[in-house]
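Colleague: Just so it is clear, I am handing over my_file25.pdb, which has PDB, N, CA and C atoms.
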ATOM      1  N   MET A  20      77.914 114.389  91.086
ATOM      2  CA  MET A  20      78.850 115.488  91.070
ATOM      3  C   MET A  20      79.765 115.439  92.290
ATOM      4  N   GLU A  21      79.209 115.041  93.433
ATOM      5  CA  GLU A  21      80.031 114.946  94.648
ATOM      6  C   GLU A  21      81.131 113.908  94.462
ATOM      7  N   TRP A  22      80.778 112.763  93.880
ATOM      8  CA  TRP A  22      81.755 111.702  93.689
ATOM      9  C   TRP A  22      82.873 112.155  92.757
ATOM     10  N   ASN A  23      82.507 112.837  91.672
ATOM     11  CA  ASN A  23      83.525 113.301  90.734
ATOM     12  C   ASN A  23      84.447 114.333  91.372
ATOM     13  N   ALA A  24      83.893 115.213  92.195
ATOM     14  CA  ALA A  24      84.717 116.208  92.879
ATOM     15  C   ALA A  24      85.673 115.517  93.862
ATOM     16  N   ALA A  25      85.179 114.498  94.557
ATOM     17  CA  ALA A  25      86.018 113.772  95.509
ATOM     18  C   ALA A  25      87.113 112.996  94.775
ATOM     19  N   ARG A  26      86.792 112.447  93.600
ATOM     20  CA  ARG A  26      87.795 111.702  92.832
ATOM     21  C   ARG A  26      88.928 112.602  92.387
ATOM     22  N   LEU A  27      88.630 113.858  92.094
ATOM     23  CA  LEU A  27      89.689 114.777  91.701
ATOM     24  C   LEU A  27      90.618 115.096  92.865
ATOM     25  N   LYS A  28      90.054 115.162  94.075
ATOM     26  CA  LYS A  28      90.849 115.501  95.249
ATOM     27  C   LYS A  28      91.628 114.301  95.780
ATOM     28  N   PHE A  29      91.048 113.107  95.678
ATOM     29  CA  PHE A  29      91.640 111.905  96.253
ATOM     30  C   PHE A  29      91.825 110.850  95.166
ATOM     31  N   PRO A  30      93.019 110.716  94.615
ATOM     32  CA  PRO A  30      93.245 109.755  93.542
ATOM     33  C   PRO A  30      93.006 108.308  93.965
ATOM     34  N   LEU A  31      92.987 108.040  95.250
ATOM     35  CA  LEU A  31      92.742 106.691  95.728
ATOM     36  C   LEU A  31      91.360 106.204  95.301
ATOM     37  N   LEU A  32      90.397 107.108  95.170
ATOM     38  CA  LEU A  32      89.038 106.737  94.802
ATOM     39  C   LEU A  32      88.932 106.243  93.365
ATOM     40  N   THR A  33      89.878 106.606  92.523
ATOM     41  CA  THR A  33      89.836 106.160  91.137
ATOM     42  C   THR A  33      90.473 104.788  90.963
ATOM     43  N   GLY A  34      91.074 104.274  92.009
ATOM     44  CA  GLY A  34      91.709 102.974  91.930
ATOM     45  C   GLY A  34      93.168 103.055  91.532
ATOM     46  N   GLU A  35      93.675 104.234  91.304
ATOM     47  CA  GLU A  35      95.074 104.410  90.928
ATOM     48  C   GLU A  35      95.916 104.560  92.178
ATOM     49  N   LYS A  36      97.116 104.019  92.118
ATOM     50  CA  LYS A  36      98.041 104.223  93.230
ATOM     51  C   LYS A  36      98.885 105.439  92.911
ATOM     52  N   ALA A  37      99.052 106.282  93.901
ATOM     53  CA  ALA A  37      99.855 107.486  93.695
ATOM     54  C   ALA A  37     101.330 107.110  93.748
ATOM     55  N   ALA A  38     102.027 107.367  92.670
ATOM     56  CA  ALA A  38     103.463 107.080  92.623
ATOM     57  C   ALA A  38     104.212 108.377  92.869
ATOM     58  N   SER A  39     105.295 108.270  93.597
ATOM     59  CA  SER A  39     106.062 109.471  93.885
ATOM     60  C   SER A  39     106.912 109.852  92.678
ATOM     61  N   ALA A  40     107.364 111.074  92.628
ATOM     62  CA  ALA A  40     108.164 111.562  91.506
ATOM     63  C   ALA A  40     109.547 110.923  91.488
ATOM     64  N   ALA A  41     110.029 110.483  92.643
ATOM     65  CA  ALA A  41     111.367 109.890  92.723
ATOM     66  C   ALA A  41     111.376 108.441  92.259
ATOM     67  N   GLY A  42     110.213 107.890  91.937
ATOM     68  CA  GLY A  42     110.146 106.523  91.462
ATOM     69  C   GLY A  42     110.115 105.497  92.578
ATOM     70  N   GLU A  43     109.857 105.928  93.783
ATOM     71  CA  GLU A  43     109.771 105.005  94.905
ATOM     72  C   GLU A  43     108.477 104.216  94.799
ATOM     73  N   SER A  44     108.441 103.111  95.502
ATOM     74  CA  SER A  44     107.205 102.349  95.539
ATOM     75  C   SER A  44     106.172 103.123  96.349
ATOM     76  N   SER A  45     105.021 102.531  96.534
ATOM     77  CA  SER A  45     103.937 103.235  97.218
ATOM     78  C   SER A  45     104.355 103.646  98.629
ATOM     79  N   ALA A  46     103.662 104.621  99.164
ATOM     80  CA  ALA A  46     103.962 105.140 100.497
ATOM     81  C   ALA A  46     103.727 104.053 101.541
ATOM     82  N   PRO A  47     104.396 104.125 102.676
ATOM     83  CA  PRO A  47     104.181 103.125 103.723
ATOM     84  C   PRO A  47     102.760 103.210 104.271
ATOM     85  N   GLU A  48     102.352 102.151 104.906
ATOM     86  CA  GLU A  48     101.019 102.123 105.498
ATOM     87  C   GLU A  48     100.865 103.266 106.494
ATOM     88  N   ALA A  49      99.639 103.732 106.633
ATOM     89  CA  ALA A  49      99.383 104.838 107.546
ATOM     90  C   ALA A  49      99.597 104.409 108.995
ATOM     91  N   PHE A  50      99.318 103.155 109.308
ATOM     92  CA  PHE A  50      99.411 102.690 110.688
ATOM     93  C   PHE A  50      99.879 101.241 110.711
ATOM     94  N   PRO A  51     101.135 101.001 110.378
ATOM     95  CA  PRO A  51     101.601  99.612 110.332
ATOM     96  C   PRO A  51     101.807  99.045 111.730
ATOM     97  N   VAL A  52     101.115  97.979 112.059
ATOM     98  CA  VAL A  52     101.292  97.354 113.368
ATOM     99  C   VAL A  52     101.876  95.959 113.242
ATOM    100  N   GLY A  53     102.022  95.472 112.037
ATOM    101  CA  GLY A  53     102.523  94.123 111.849
ATOM    102  C   GLY A  53     103.968  93.943 112.261
ATOM    103  N   ASN A  54     104.768  94.995 112.211
ATOM    104  CA  ASN A  54     106.183  94.859 112.532
ATOM    105  C   ASN A  54     106.531  95.420 113.904
ATOM    106  N   ARG A  55     105.568  95.534 114.782
ATOM    107  CA  ARG A  55     105.813  96.047 116.131
ATOM    108  C   ARG A  55     105.826  94.884 117.126
ATOM    109  N   SER A  56     106.582  95.044 118.199
ATOM    110  CA  SER A  56     106.627  94.007 119.226
ATOM    111  C   SER A  56     105.380  94.109 120.109
ATOM    112  N   PHE A  57     105.190  93.057 120.908
ATOM    113  CA  PHE A  57     104.031  93.033 121.793
ATOM    114  C   PHE A  57     104.065  94.188 122.793
ATOM    115  N   GLY A  58     105.242  94.486 123.329
ATOM    116  CA  GLY A  58     105.376  95.589 124.278
ATOM    117  C   GLY A  58     105.031  96.929 123.656
ATOM    118  N   GLU A  59     105.471  97.139 122.414
ATOM    119  CA  GLU A  59     105.142  98.390 121.722
ATOM    120  C   GLU A  59     103.644  98.494 121.468
ATOM    121  N   LEU A  60     103.011  97.361 121.122
ATOM    122  CA  LEU A  60     101.561  97.368 120.918
ATOM    123  C   LEU A  60     100.813  97.665 122.217
ATOM    124  N   CYS A  61     101.328  97.150 123.329
ATOM    125  CA  CYS A  61     100.715  97.449 124.630
ATOM    126  C   CYS A  61     100.823  98.933 124.962
ATOM    127  N   LYS A  62     102.001  99.505 124.713
ATOM    128  CA  LYS A  62     102.184 100.934 124.962
ATOM    129  C   LYS A  62     101.269 101.765 124.071
ATOM    130  N   LEU A  63     101.124 101.353 122.824
ATOM    131  CA  LEU A  63     100.254 102.062 121.899
ATOM    132  C   LEU A  63      98.796 101.980 122.347
ATOM    133  N   GLY A  64      98.376 100.800 122.777
ATOM    134  CA  GLY A  64      97.009 100.639 123.279
ATOM    135  C   GLY A  64      96.752 101.491 124.508
ATOM    136  N   LEU A  65      97.726 101.548 125.402
ATOM    137  CA  LEU A  65      97.585 102.375 126.599
ATOM    138  C   LEU A  65      97.505 103.850 126.232
ATOM    139  N   ALA A  66      98.330 104.262 125.280
ATOM    140  CA  ALA A  66      98.329 105.666 124.870
ATOM    141  C   ALA A  66      97.010 106.069 124.228
ATOM    142  N   LEU A  67      96.359 105.127 123.548
ATOM    143  CA  LEU A  67      95.100 105.451 122.885
ATOM    144  C   LEU A  67      93.893 105.359 123.810
ATOM    145  N   THR A  68      93.997 104.581 124.897
ATOM    146  CA  THR A  68      92.822 104.379 125.745
ATOM    147  C   THR A  68      92.826 105.157 127.051
ATOM    148  N   TRP A  69      93.991 105.635 127.539
ATOM    149  CA  TRP A  69      93.978 106.301 128.839
ATOM    150  C   TRP A  69      93.139 107.565 128.855
ATOM    151  N   PRO A  70      93.046 108.353 127.781
ATOM    152  CA  PRO A  70      92.153 109.512 127.843
ATOM    153  C   PRO A  70      90.683 109.111 128.018
ATOM    154  N   LEU A  71      90.298 107.995 127.412
ATOM    155  CA  LEU A  71      88.920 107.517 127.577
ATOM    156  C   LEU A  71      88.661 107.083 129.012
ATOM    157  N   VAL A  72      89.640 106.462 129.621
ATOM    158  CA  VAL A  72      89.501 106.034 131.008
ATOM    159  C   VAL A  72      89.384 107.251 131.925
ATOM    160  N   LEU A  73      90.174 108.280 131.666
ATOM    161  CA  LEU A  73      90.090 109.495 132.487
ATOM    162  C   LEU A  73      88.726 110.155 132.372
ATOM    163  N   VAL A  74      88.168 110.222 131.179
ATOM    164  CA  VAL A  74      86.844 110.813 130.981
ATOM    165  C   VAL A  74      85.788 109.982 131.694
ATOM    166  N   ALA A  75      85.887 108.662 131.597
ATOM    167  CA  ALA A  75      84.927 107.789 132.271
ATOM    168  C   ALA A  75      85.015 107.941 133.787
ATOM    169  N   LEU A  76      86.223 108.024 134.330
ATOM    170  CA  LEU A  76      86.373 108.202 135.775
ATOM    171  C   LEU A  76      85.855 109.561 136.234
ATOM    172  N   ALA A  77      86.075 110.586 135.431
ATOM    173  CA  ALA A  77      85.553 111.915 135.771
ATOM    174  C   ALA A  77      84.024 111.902 135.765
ATOM    175  N   ALA A  78      83.434 111.253 134.784
ATOM    176  CA  ALA A  78      81.970 111.163 134.727
ATOM    177  C   ALA A  78      81.434 110.370 135.908
ATOM    178  N   LEU A  79      82.121 109.301 136.265
ATOM    179  CA  LEU A  79      81.705 108.523 137.430
ATOM    180  C   LEU A  79      81.813 109.348 138.704
ATOM    181  N   GLY A  80      82.875 110.131 138.835
ATOM    182  CA  GLY A  80      83.027 111.001 140.001
ATOM    183  C   GLY A  80      81.925 112.037 140.096
ATOM    184  N   VAL A  81      81.571 112.622 138.959
ATOM    185  CA  VAL A  81      80.482 113.603 138.955
ATOM    186  C   VAL A  81      79.170 112.933 139.327
ATOM    187  N   LEU A  82      78.922 111.744 138.820
ATOM    188  CA  LEU A  82      77.691 111.018 139.123
ATOM    189  C   LEU A  82      77.619 110.681 140.613
ATOM    190  N   VAL A  83      78.706 110.200 141.176
ATOM    191  CA  VAL A  83      78.726 109.884 142.613
ATOM    192  C   VAL A  83      78.520 111.140 143.451
ATOM    193  N   THR A  84      79.136 112.224 143.048
ATOM    194  CA  THR A  84      78.964 113.485 143.768
ATOM    195  C   THR A  84      77.506 113.940 143.742
ATOM    196  N   ILE A  85      76.881 113.847 142.597
ATOM    197  CA  ILE A  85      75.467 114.243 142.480
ATOM    198  C   ILE A  85      74.586 113.347 143.318
ATOM    199  N   LEU A  86      74.840 112.034 143.282
ATOM    200  CA  LEU A  86      74.024 111.114 144.050
ATOM    201  C   LEU A  86      74.205 111.308 145.558
ATOM    202  N   LEU A  87      75.423 111.599 146.000
ATOM    203  CA  LEU A  87      75.658 111.801 147.419
ATOM    204  C   LEU A  87      75.124 113.142 147.913
ATOM    205  N   SER A  88      75.014 114.119 147.049
ATOM    206  CA  SER A  88      74.524 115.434 147.478
ATOM    207  C   SER A  88      73.008 115.471 147.602
ATOM    208  N   HIS A  89      72.309 114.496 147.035
ATOM    209  CA  HIS A  89      70.840 114.473 147.110
ATOM    210  C   HIS A  89      70.326 113.674 148.310
ATOM    211  N   ARG A  90      71.175 113.250 149.178
ATOM    212  CA  ARG A  90      70.732 112.474 150.343
ATOM    213  C   ARG A  90      70.127 113.328 151.366
TER     214      ARG A  90
END
Would you write the structure of this file as structure tokens?
Modeller:
Amino acid sequence: MEWNAARLKFPLLTGEKAASAAGESSAPEAFPVGNRSFGELCKLGLALTWPLVLVALAALGVLVTILLSHR
């Protein structure tokens, strides 16, 4: 029953491609990276990873603070 309910909500699960009413071909890829330059890919990678780096540095700072306060 779960699968049938999901198929009604998401036509992709039935194997059909959703065609637009205007007769256009299928929608563009959700995340096309094939047509981007190397510099754009670098900027994209930086934009996706800098929040993780900030969280890791904050956790490291908290750990160092805790370790130094127990001396």
Colleague: Tell me, in Å to one decimal, how far atom N of Leu65 (chain A) is from atom N of Gly53 (chain A).
Modeller: 15.3 Å
Colleague: In Å, how far is it from atom C of Gly58 (chain A) to atom N of Pro70 (chain A)?
Modeller: 17.1 Å
Colleague: Go ahead and compute the interatomic distance for CA of His89 (chain A) and CA of Ala75 (chain A), in Å to one decimal.
Modeller: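 So the answer is 21.5 Å.
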